[in-house]
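Asker: Just so it is clear, I am handing over target.pdb, which has PDB, C-alpha atoms and all ligand atoms.
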ATOM      1  CA  MET A   1     -76.135 112.684 151.619
ATOM      2  CA  SER A   2     -75.057 114.570 148.512
ATOM      3  CA  PHE A   3     -77.289 117.210 147.010
ATOM      4  CA  THR A   4     -79.512 116.368 144.038
ATOM      5  CA  MET A   5     -81.997 118.535 142.128
ATOM      6  CA  GLU A   6     -84.700 116.151 143.418
ATOM      7  CA  GLN A   7     -84.544 118.124 146.670
ATOM      8  CA  PHE A   8     -86.452 120.914 144.915
ATOM      9  CA  ARG A   9     -89.344 118.561 144.071
ATOM     10  CA  LEU A  10     -92.588 118.821 146.030
ATOM     11  CA  ALA A  11     -94.248 115.554 145.029
ATOM     12  CA  GLY A  12     -96.631 114.422 147.784
ATOM     13  CA  LYS A  13     -96.770 117.888 149.365
ATOM     14  CA  VAL A  14     -99.888 120.011 149.760
ATOM     15  CA  ALA A  15     -99.634 123.779 149.402
ATOM     16  CA  ILE A  16    -102.090 126.607 150.049
ATOM     17  CA  VAL A  17    -101.483 129.919 148.261
ATOM     18  CA  THR A  18    -103.702 132.795 149.406
ATOM     19  CA  GLY A  19    -104.461 135.654 147.054
ATOM     20  CA  ALA A  20    -103.791 133.418 144.060
ATOM     21  CA  GLY A  21    -107.031 133.946 142.177
ATOM     22  CA  GLY A  22    -107.709 137.637 141.964
ATOM     23  CA  ARG A  23    -106.314 139.510 139.024
ATOM     24  CA  GLY A  24    -105.280 137.738 135.814
ATOM     25  CA  ASN A  25    -101.523 138.110 135.997
ATOM     26  CA  SER A  26    -100.803 137.946 139.708
ATOM     27  CA  ILE A  27     -97.903 136.852 141.866
ATOM     28  CA  GLY A  28    -100.174 134.344 143.635
ATOM     29  CA  ARG A  29    -101.041 132.720 140.301
ATOM     30  CA  ALA A  30     -97.323 132.402 139.436
ATOM     31  CA  TYR A  31     -96.682 130.885 142.873
ATOM     32  CA  ALA A  32     -99.551 128.397 142.510
ATOM     33  CA  LEU A  33     -98.409 127.328 139.025
ATOM     34  CA  GLY A  34     -94.788 127.030 140.197
ATOM     35  CA  LEU A  35     -95.659 124.875 143.210
ATOM     36  CA  ALA A  36     -97.851 122.660 141.019
ATOM     37  CA  ASN A  37     -95.035 122.352 138.462
ATOM     38  CA  ALA A  38     -92.758 121.182 141.262
ATOM     39  CA  GLY A  39     -95.280 118.429 142.063
ATOM     40  CA  ALA A  40     -97.360 119.837 144.925
ATOM     41  CA  ALA A  41    -101.133 119.583 145.112
ATOM     42  CA  VAL A  42    -102.237 123.215 145.333
ATOM     43  CA  VAL A  43    -105.137 124.945 147.034
ATOM     44  CA  VAL A  44    -105.695 128.192 145.148
ATOM     45  CA  ALA A  45    -107.360 130.420 147.724
ATOM     46  CA  ASP A  46    -108.772 133.892 147.210
ATOM     47  CA  ILE A  47    -111.661 136.097 148.272
ATOM     48  CA  ASN A  48    -112.461 136.026 144.544
ATOM     49  CA  GLU A  49    -113.933 132.525 144.226
ATOM     50  CA  GLN A  50    -114.285 132.620 140.459
ATOM     51  CA  GLY A  51    -110.657 133.700 140.018
ATOM     52  CA  ALA A  52    -109.461 130.958 142.369
ATOM     53  CA  GLY A  53    -111.431 128.390 140.356
ATOM     54  CA  ALA A  54    -109.946 129.688 137.096
ATOM     55  CA  VAL A  55    -106.332 129.360 138.298
ATOM     56  CA  ALA A  56    -107.050 125.877 139.706
ATOM     57  CA  ALA A  57    -108.568 124.886 136.351
ATOM     58  CA  GLU A  58    -105.466 126.224 134.565
ATOM     59  CA  ILE A  59    -103.241 124.039 136.779
ATOM     60  CA  ASN A  60    -105.407 120.944 136.274
ATOM     61  CA  ALA A  61    -105.537 121.508 132.487
ATOM     62  CA  ALA A  62    -101.716 121.614 132.459
ATOM     63  CA  GLY A  63    -101.562 118.220 134.203
ATOM     64  CA  GLY A  64    -101.162 119.459 137.780
ATOM     65  CA  THR A  65    -103.434 119.015 140.770
ATOM     66  CA  ALA A  66    -105.374 121.901 142.300
ATOM     67  CA  ILE A  67    -108.644 123.042 143.807
ATOM     68  CA  GLY A  68    -109.989 126.571 144.027
ATOM     69  CA  VAL A  69    -111.337 127.752 147.370
ATOM     70  CA  ARG A  70    -112.942 131.018 148.438
ATOM     71  CA  VAL A  71    -111.343 132.411 151.592
ATOM     72  CA  ASP A  72    -111.532 135.680 153.480
ATOM     73  CA  ILE A  73    -108.231 135.618 155.359
ATOM     74  CA  THR A  74    -109.542 138.094 157.957
ATOM     75  CA  ASP A  75    -112.138 135.549 159.106
ATOM     76  CA  PRO A  76    -110.810 132.639 161.237
ATOM     77  CA  ALA A  77    -113.828 130.459 160.354
ATOM     78  CA  SER A  78    -113.174 131.012 156.657
ATOM     79  CA  ALA A  79    -109.460 130.167 157.076
ATOM     80  CA  THR A  80    -110.401 126.987 158.954
ATOM     81  CA  ALA A  81    -112.815 126.064 156.158
ATOM     82  CA  MET A  82    -109.949 126.571 153.651
ATOM     83  CA  VAL A  83    -107.751 124.145 155.605
ATOM     84  CA  ASP A  84    -110.665 121.695 155.902
ATOM     85  CA  ALA A  85    -111.075 121.831 152.111
ATOM     86  CA  ALA A  86    -107.344 121.106 151.699
ATOM     87  CA  THR A  87    -107.585 118.189 154.122
ATOM     88  CA  THR A  88    -110.668 116.740 152.457
ATOM     89  CA  ALA A  89    -109.110 117.007 148.987
ATOM     90  CA  PHE A  90    -105.469 116.166 149.726
ATOM     91  CA  GLY A  91    -105.150 114.910 153.336
ATOM     92  CA  GLY A  92    -103.590 117.937 155.074
ATOM     93  CA  VAL A  93    -101.306 120.931 154.542
ATOM     94  CA  ASP A  94     -97.486 121.112 154.290
ATOM     95  CA  ILE A  95     -96.978 124.586 152.818
ATOM     96  CA  LEU A  96     -98.740 127.905 153.378
ATOM     97  CA  VAL A  97     -97.939 130.930 151.225
ATOM     98  CA  ASN A  98     -99.428 134.031 152.830
ATOM     99  CA  ASN A  99     -99.610 136.129 149.672
ATOM    100  CA  ALA A 100    -103.050 137.798 149.816
ATOM    101  CA  ALA A 101    -102.984 141.516 150.574
ATOM    102  CA  LEU A 102    -104.429 144.885 149.748
ATOM    103  CA  MET A 103    -101.941 146.882 147.673
ATOM    104  CA  ALA A 104    -102.960 148.502 144.387
ATOM    105  CA  GLU A 105    -106.350 149.483 145.798
ATOM    106  CA  LEU A 106    -104.763 151.522 148.602
ATOM    107  CA  GLY A 107    -104.359 155.210 147.916
ATOM    108  CA  MET A 108    -101.560 157.277 149.435
ATOM    109  CA  LEU A 109    -103.045 157.473 152.922
ATOM    110  CA  HIS A 110    -101.424 159.748 155.461
ATOM    111  CA  VAL A 111    -100.896 158.243 158.900
ATOM    112  CA  ALA A 112    -101.549 161.662 160.438
ATOM    113  CA  ASP A 113    -105.192 161.586 159.475
ATOM    114  CA  VAL A 114    -106.112 158.032 158.460
ATOM    115  CA  SER A 115    -109.250 156.815 160.256
ATOM    116  CA  LEU A 116    -108.802 153.972 162.697
ATOM    117  CA  GLN A 117    -111.401 152.096 160.687
ATOM    118  CA  GLU A 118    -109.262 152.300 157.540
ATOM    119  CA  TRP A 119    -106.043 151.515 159.476
ATOM    120  CA  ASN A 120    -107.669 148.413 160.979
ATOM    121  CA  ARG A 121    -109.103 147.327 157.619
ATOM    122  CA  ILE A 122    -105.667 147.410 155.972
ATOM    123  CA  LEU A 123    -103.747 145.759 158.809
ATOM    124  CA  ASN A 124    -106.480 143.155 159.252
ATOM    125  CA  VAL A 125    -105.835 141.883 155.739
ATOM    126  CA  ASN A 126    -102.108 142.592 155.331
ATOM    127  CA  LEU A 127    -100.932 141.473 158.785
ATOM    128  CA  THR A 128    -103.605 139.756 160.879
ATOM    129  CA  GLY A 129    -104.770 137.727 157.865
ATOM    130  CA  ALA A 130    -101.355 136.034 157.709
ATOM    131  CA  LEU A 131    -101.556 135.194 161.420
ATOM    132  CA  ILE A 132    -105.080 133.805 161.022
ATOM    133  CA  CYS A 133    -104.029 131.559 158.126
ATOM    134  CA  ALA A 134    -100.885 130.424 159.974
ATOM    135  CA  GLN A 135    -102.957 129.527 163.044
ATOM    136  CA  ALA A 136    -105.374 127.607 160.814
ATOM    137  CA  VAL A 137    -102.653 125.472 159.149
ATOM    138  CA  ILE A 138    -100.273 124.858 162.065
ATOM    139  CA  PRO A 139    -102.283 121.940 163.590
ATOM    140  CA  SER A 140    -102.103 120.090 160.262
ATOM    141  CA  MET A 141     -98.374 120.831 159.890
ATOM    142  CA  ARG A 142     -97.768 119.582 163.434
ATOM    143  CA  ALA A 143     -99.712 116.402 162.689
ATOM    144  CA  ARG A 144     -97.546 115.857 159.582
ATOM    145  CA  GLY A 145     -94.275 116.458 161.441
ATOM    146  CA  GLY A 146     -93.413 119.857 159.967
ATOM    147  CA  GLY A 147     -94.162 122.393 157.291
ATOM    148  CA  ARG A 148     -93.247 125.643 155.567
ATOM    149  CA  ILE A 149     -94.794 129.061 155.846
ATOM    150  CA  VAL A 150     -93.761 131.822 153.450
ATOM    151  CA  ASN A 151     -95.026 135.338 154.074
ATOM    152  CA  GLN A 152     -95.113 137.807 151.216
ATOM    153  CA  THR A 153     -93.668 141.066 152.464
ATOM    154  CA  SER A 154     -92.392 143.867 150.206
ATOM    155  CA  GLY A 155     -89.457 146.119 149.415
ATOM    156  CA  GLY A 156     -91.925 148.808 150.497
ATOM    157  CA  ALA A 157     -91.194 147.807 154.108
ATOM    158  CA  PHE A 158     -87.469 148.669 153.856
ATOM    159  CA  PRO A 159     -88.000 151.292 155.169
ATOM    160  CA  ALA A 160     -91.727 151.510 155.810
ATOM    161  CA  THR A 161     -92.996 154.874 154.552
ATOM    162  CA  SER A 162     -96.702 154.041 154.153
ATOM    163  CA  ILE A 163     -99.425 152.142 155.998
ATOM    164  CA  TYR A 164     -98.905 149.367 153.461
ATOM    165  CA  GLY A 165     -95.197 149.357 154.393
ATOM    166  CA  ILE A 166     -96.013 149.315 158.113
ATOM    167  CA  GLY A 167     -98.104 146.167 157.619
ATOM    168  CA  LYS A 168     -95.403 144.513 155.515
ATOM    169  CA  LEU A 169     -92.696 145.384 158.070
ATOM    170  CA  ALA A 170     -94.828 143.943 160.865
ATOM    171  CA  LEU A 171     -95.211 140.823 158.720
ATOM    172  CA  VAL A 172     -91.420 140.447 158.935
ATOM    173  CA  GLY A 173     -91.815 140.467 162.736
ATOM    174  CA  LEU A 174     -94.492 137.794 162.478
ATOM    175  CA  THR A 175     -92.122 135.790 160.259
ATOM    176  CA  THR A 176     -89.156 135.902 162.636
ATOM    177  CA  THR A 177     -91.341 135.239 165.693
ATOM    178  CA  LEU A 178     -93.091 132.243 164.134
ATOM    179  CA  ALA A 179     -89.708 130.955 162.907
ATOM    180  CA  LYS A 180     -88.263 131.120 166.419
ATOM    181  CA  GLN A 181     -91.306 129.588 168.094
ATOM    182  CA  LEU A 182     -91.963 126.797 165.552
ATOM    183  CA  GLY A 183     -88.431 125.866 164.484
ATOM    184  CA  LYS A 184     -88.057 122.915 166.829
ATOM    185  CA  GLU A 185     -91.319 121.508 165.455
ATOM    186  CA  GLY A 186     -89.886 121.373 161.945
ATOM    187  CA  ILE A 187     -91.960 124.310 160.700
ATOM    188  CA  ASN A 188     -89.770 126.794 158.791
ATOM    189  CA  VAL A 189     -91.058 130.325 158.365
ATOM    190  CA  ASN A 190     -89.534 132.797 155.917
ATOM    191  CA  ALA A 191     -90.520 135.848 153.910
ATOM    192  CA  ILE A 192     -90.090 137.018 150.342
ATOM    193  CA  ALA A 193     -89.723 140.757 149.740
ATOM    194  CA  PRO A 194     -90.291 141.510 146.062
ATOM    195  CA  GLY A 195     -89.380 144.806 144.489
ATOM    196  CA  ASN A 196     -91.469 146.308 141.729
ATOM    197  CA  VAL A 197     -93.277 143.438 140.005
ATOM    198  CA  THR A 198     -95.173 143.558 136.705
ATOM    199  CA  SER A 199     -98.288 141.790 137.961
ATOM    200  CA  ASP A 200    -101.539 143.456 136.846
ATOM    201  CA  ALA A 201    -101.765 145.036 140.318
ATOM    202  CA  GLY A 202     -98.136 146.183 140.133
ATOM    203  CA  ARG A 203     -98.710 147.808 136.731
ATOM    204  CA  MET A 204    -101.873 149.446 138.055
ATOM    205  CA  LEU A 205     -99.976 150.860 141.029
ATOM    206  CA  VAL A 206     -96.883 151.903 139.069
ATOM    207  CA  PRO A 207     -97.593 152.436 135.358
ATOM    208  CA  GLU A 208     -94.656 152.152 132.951
ATOM    209  CA  GLU A 209     -94.587 155.924 132.379
ATOM    210  CA  SER A 210     -94.625 156.691 136.118
ATOM    211  CA  PRO A 211     -91.799 158.914 137.459
ATOM    212  CA  PHE A 212     -91.257 156.220 140.100
ATOM    213  CA  ILE A 213     -89.943 153.889 137.370
ATOM    214  CA  LYS A 214     -87.413 156.565 136.388
ATOM    215  CA  PHE A 215     -86.379 156.843 140.048
ATOM    216  CA  LEU A 216     -85.990 153.057 140.296
ATOM    217  CA  GLU A 217     -83.918 152.976 137.107
ATOM    218  CA  MET A 218     -81.468 155.362 138.758
ATOM    219  CA  THR A 219     -81.336 153.654 142.157
ATOM    220  CA  VAL A 220     -81.832 149.896 141.634
ATOM    221  CA  ALA A 221     -78.602 147.954 141.069
ATOM    222  CA  SER A 222     -79.818 145.973 138.044
ATOM    223  CA  ARG A 223     -83.258 145.782 136.364
ATOM    224  CA  PRO A 224     -85.857 147.842 138.275
ATOM    225  CA  ARG A 225     -88.886 145.643 137.426
ATOM    226  CA  GLY A 226     -89.341 141.885 137.499
ATOM    227  CA  SER A 227     -92.099 139.470 136.498
ATOM    228  CA  PRO A 228     -94.153 137.336 138.935
ATOM    229  CA  GLU A 229     -92.372 134.260 137.537
ATOM    230  CA  GLU A 230     -89.001 135.628 138.669
ATOM    231  CA  LEU A 231     -90.087 135.176 142.293
ATOM    232  CA  VAL A 232     -90.935 131.494 141.962
ATOM    233  CA  GLY A 233     -87.417 130.025 142.222
ATOM    234  CA  ALA A 234     -86.914 131.478 145.700
ATOM    235  CA  LEU A 235     -90.343 130.236 146.773
ATOM    236  CA  LEU A 236     -89.469 126.694 145.675
ATOM    237  CA  LEU A 237     -86.204 126.863 147.625
ATOM    238  CA  LEU A 238     -88.056 127.945 150.777
ATOM    239  CA  CYS A 239     -90.778 125.294 150.360
ATOM    240  CA  SER A 240     -88.639 122.276 149.443
ATOM    241  CA  ASP A 241     -86.052 119.999 151.056
ATOM    242  CA  ALA A 242     -83.413 122.123 149.296
ATOM    243  CA  GLY A 243     -84.185 124.866 151.833
ATOM    244  CA  ALA A 244     -84.632 122.655 154.885
ATOM    245  CA  TRP A 245     -82.164 124.635 157.043
ATOM    246  CA  ILE A 246     -83.454 128.091 156.113
ATOM    247  CA  THR A 247     -85.784 129.774 158.590
ATOM    248  CA  GLY A 248     -86.451 133.269 159.910
ATOM    249  CA  GLN A 249     -85.114 134.933 156.747
ATOM    250  CA  VAL A 250     -86.302 137.596 154.340
ATOM    251  CA  ILE A 251     -85.262 137.010 150.747
ATOM    252  CA  HIS A 252     -85.212 140.206 148.694
ATOM    253  CA  ILE A 253     -85.983 139.662 145.014
ATOM    254  CA  ASP A 254     -85.794 143.097 143.487
ATOM    255  CA  GLY A 255     -82.795 143.482 141.184
ATOM    256  CA  GLY A 256     -80.835 145.003 144.033
ATOM    257  CA  TRP A 257     -83.307 147.671 145.184
ATOM    258  CA  VAL A 258     -82.915 146.875 148.891
ATOM    259  CA  ILE A 259     -79.281 145.878 149.281
ATOM    260  CA  ARG A 260     -78.530 144.591 152.769
ATOM    261  CA  PRO A 261     -75.488 142.895 154.258
TER     262      PRO A 261
HETATM  263  N1  LIG A 301     -96.853 143.695 142.533
HETATM  264  C1  LIG A 301     -95.845 144.188 143.218
HETATM  265  O1  LIG A 301     -95.089 145.049 142.705
HETATM  266  C2  LIG A 301     -95.574 143.719 144.622
HETATM  267  C3  LIG A 301     -94.367 144.106 145.225
HETATM  268  C4  LIG A 301     -94.089 143.676 146.524
HETATM  269  C5  LIG A 301     -95.002 142.865 147.195
HETATM  270  N2  LIG A 301     -96.178 142.519 146.578
HETATM  271  C6  LIG A 301     -97.093 141.658 147.332
HETATM  272  O2  LIG A 301     -97.336 140.489 146.579
HETATM  273  C7  LIG A 301     -98.648 139.973 146.854
HETATM  274  C8  LIG A 301     -99.414 139.777 145.578
HETATM  275  O3  LIG A 301     -99.406 140.964 144.834
HETATM  276  P1  LIG A 301    -100.040 141.074 143.360
HETATM  277  O4  LIG A 301     -99.283 142.138 142.651
HETATM  278  O5  LIG A 301    -100.184 139.747 142.736
HETATM  279  O6  LIG A 301    -101.465 141.709 143.745
HETATM  280  P2  LIG A 301    -102.972 141.184 143.578
HETATM  281  O7  LIG A 301    -103.828 142.329 143.992
HETATM  282  O8  LIG A 301    -103.178 140.615 142.230
HETATM  283  O9  LIG A 301    -103.078 140.021 144.641
HETATM  284  C9  LIG A 301    -103.648 140.147 145.907
HETATM  285  C10 LIG A 301    -104.742 139.125 146.057
HETATM  286  O10 LIG A 301    -105.221 139.108 147.398
HETATM  287  C11 LIG A 301    -106.604 138.871 147.347
HETATM  288  N3  LIG A 301    -107.232 139.293 148.603
HETATM  289  C12 LIG A 301    -107.401 140.570 149.047
HETATM  290  N4  LIG A 301    -108.036 140.560 150.224
HETATM  291  C13 LIG A 301    -108.263 139.259 150.555
HETATM  292  C14 LIG A 301    -108.881 138.621 151.647
HETATM  293  N5  LIG A 301    -109.414 139.312 152.682
HETATM  294  N6  LIG A 301    -108.924 137.271 151.661
HETATM  295  C15 LIG A 301    -108.417 136.564 150.620
HETATM  296  N7  LIG A 301    -107.835 137.105 149.559
HETATM  297  C16 LIG A 301    -107.757 138.458 149.512
HETATM  298  C17 LIG A 301    -107.083 139.641 146.128
HETATM  299  O11 LIG A 301    -108.346 139.181 145.665
HETATM  300  C18 LIG A 301    -105.945 139.408 145.148
HETATM  301  O12 LIG A 301    -106.183 138.257 144.351
HETATM  302  C19 LIG A 301     -99.255 140.978 147.842
HETATM  303  O13 LIG A 301     -99.003 140.536 149.159
HETATM  304  C20 LIG A 301     -98.472 142.248 147.576
HETATM  305  O14 LIG A 301     -98.491 143.121 148.684
HETATM  306  C21 LIG A 301     -96.469 142.928 145.313
END
Take the structure from the file and write it as structure tokens.
Ligand SMILES: NC(=O)c1ccc[n+]([C@@H]2O[C@H](COP(=O)([O-])OP(=O)(O)OC[C@H]3O[C@@H](n4cnc5c(N)ncnc54)[C@H](O)[C@@H]3O)[C@@H](O)[C@H]2O)c1
Answerer:
Amino acid sequence: MSFTMEQFRLAGKVAIVTGAGGRGNSIGRAYALGLANAGAAVVVADINEQGAGAVAAEINAAGGTAIGVRVDITDPASATAMVDAATTAFGGVDILVNNAALMAELGMLHVADVSLQEWNRILNVNLTGALICAQAVIPSMRARGGGRIVNQTSGGAFPATSIYGIGKLALVGLTTTLAKQLGKEGINVNAIAPGNVTSDAGRMLVPEESPFIKFLEMTVASRPRGSPEELVGALLLLCSDAGAWITGQVIHIDGGWVIRP
């Protein structure tokens, strides 16, 4: 069968995006809007219930289909309730985007003296939360004959030089392991590793006048900062029939910050 642009369409598909309702200009919001634009019914999930509702309302006002759901991804019962809400509203789940994480709110913690409590709190959200959400959606994907999971890692994992980076690097391991173990069931699992993104959280973490921006300007192959919307094309490839044979991969979207063979 020859390729057509229709293979990027997600009509009839149901997608959950975690972390899509927190800050105003977030990557999760761009993902949710992009999936809805491609035709998917979207569950906008966030620990911030009001924010999730606002992004869902934005999608519905633009002619898309969405619901907002409060979820705490560290709580299996809450993740199950999120999937139940998706099933009640739209019949099941085809796509999970594990995007929720702690990032801008994390200070520069030193591994040498971080408390185990703080270590566990960060990894619970940034790593275990993705596992919990994957475990919650997999039964529905199996029942529907397949699905797509996209984990949001980070250029900050290549190499990992922070606790945040450790969690994001471990998320790559979760991605490749799930890909290997679920591939024969038609469930593709990939990761997106953005560079420095101008979401509200990204700007909070790295202000425009930060010396880090100067460093990136010298080291990144092309533009050192991108917008949340510039990540959406790759997400649609990974979630649609156009990317049906792609699994176990990390796609770097960073202007050539992490250049790998
Ligand atoms: N902005 C960047 O430069 C950048 C770069 C690389 C990777 N990332 C990753 O992209 C993703 C989104 O980043 P962003 O810049 O939009 O940040 P953001 O802070 O706006 O988004 C994170 C979201 O996760 C939610 N969240 C936190 N804990 C949660 C929990 N327990 N349960 C449910 N939701 C929870 C927050 O409420 C927030 O809405 C994150 O995974 C981040 O690590 C961001």
Asker: For the provided coordinates, the residues matched by the PyMOL selection byres (((chain A and resi 169-184) around 7) and not hetatm) should be stated as a ChimeraX atom specification.
Answerer: /A:127,151,153,157,160,165-168,185-191,247-248
Asker: Work out how far apart CA of Asp46 in chain A and CA of Ser210 in chain A are and give it in Å to one decimal.
Answerer: 29.0 Å
Asker: Using the chain letters and numbers from the file, which residues does the PyMOL selection byres (((chain A and resi 239) around 9) and not hetatm) grab, as a ChimeraX atom specification?
Answerer: /A:8,10,35,94-96,147-150,188,234-238,240-244
Asker: One decimal, Å: what's the distance from CA of Gly53 in chain A over to CA of Arg29 in chain A, could you say?
Answerer: 11.3 Å
Asker: Using all atoms listed in the file, which residues of the polymer chains come no farther than 7 Å from ligand LIG 301 (chain A)? I'd like the answer as an NGL selection string.
Answerer: :A and (18-23 or 25-28 or 45-48 or 71-74 or 99-104 or 125 or 152-156 or 193-202)
Asker: Could you jot down the CA of Val258 in chain A to CA of Val232 in chain A separation for me, Å, one decimal place?
Answerer: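 Computed distance, CA of Val258 in chain A to CA of Val232 in chain A, equals 18.7 Å.
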Asker: Exactly which residues make up the result of the PyMOL selection byres (((chain A and resi 14) around 10) and not hetatm) on this file, given as a PyMOL selection string?
Answerer: chain A and resi 10-13+15-16+35-36+39-43+65-66+86-87+89-96+147
Asker: Counting all atoms listed in the file, figure out which residue out of A:Ser227, A:Asn37, A:Ser140, A:Thr128 gets nearest to Asn60 in chain A.
Answerer: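 Closest to Asn60 in chain A, using all atoms listed in the file: A:Asn37.
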Asker: Quick one: everything within 12 Å of Gly107 in chain A, counting all atoms listed in the file, minus sequence neighbours fewer than 6 positions away in the same chain. Send it as an MDAnalysis selection string.
Answerer: chainID A and resid 114 118 122 162:164 204:205
Asker: Smallest atom-to-atom distance to Ala79 in chain A: which of A:Val250, A:Val17, A:Ala136, A:Met141, using all atoms listed in the file?
Answerer: A:Ala136
Asker: Given the choices A:Thr161, A:Ser2, A:Asn126, A:Gln249, which gets closest to Ile192 in chain A if the distance is worked out from all atoms listed in the file?
Answerer: A:Gln249
Asker: Tell me which of A:Ala52, A:Ala81, A:Met1, A:Ile251 sits closest to Gly233 in chain A, counting all atoms listed in the file.
Answerer: A:Ile251
Asker: Between A:Glu230, A:Glu58, A:Glu49, A:Glu209, which residue has the minimum interatomic distance to Gly255 in chain A, considering all atoms listed in the file?
Answerer: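 Of A:Glu230, A:Glu58, A:Glu49, A:Glu209, the one nearest Gly255 in chain A is A:Glu230, counting all atoms listed in the file.
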Asker: Just checking: using all atoms listed in the file, which residue out of A:Thr88, A:Pro139, A:Phe158, A:Leu123 ends up closest to Arg260 in chain A?
Answerer: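 Answer, going by the shortest atom-to-atom distance: A:Phe158.
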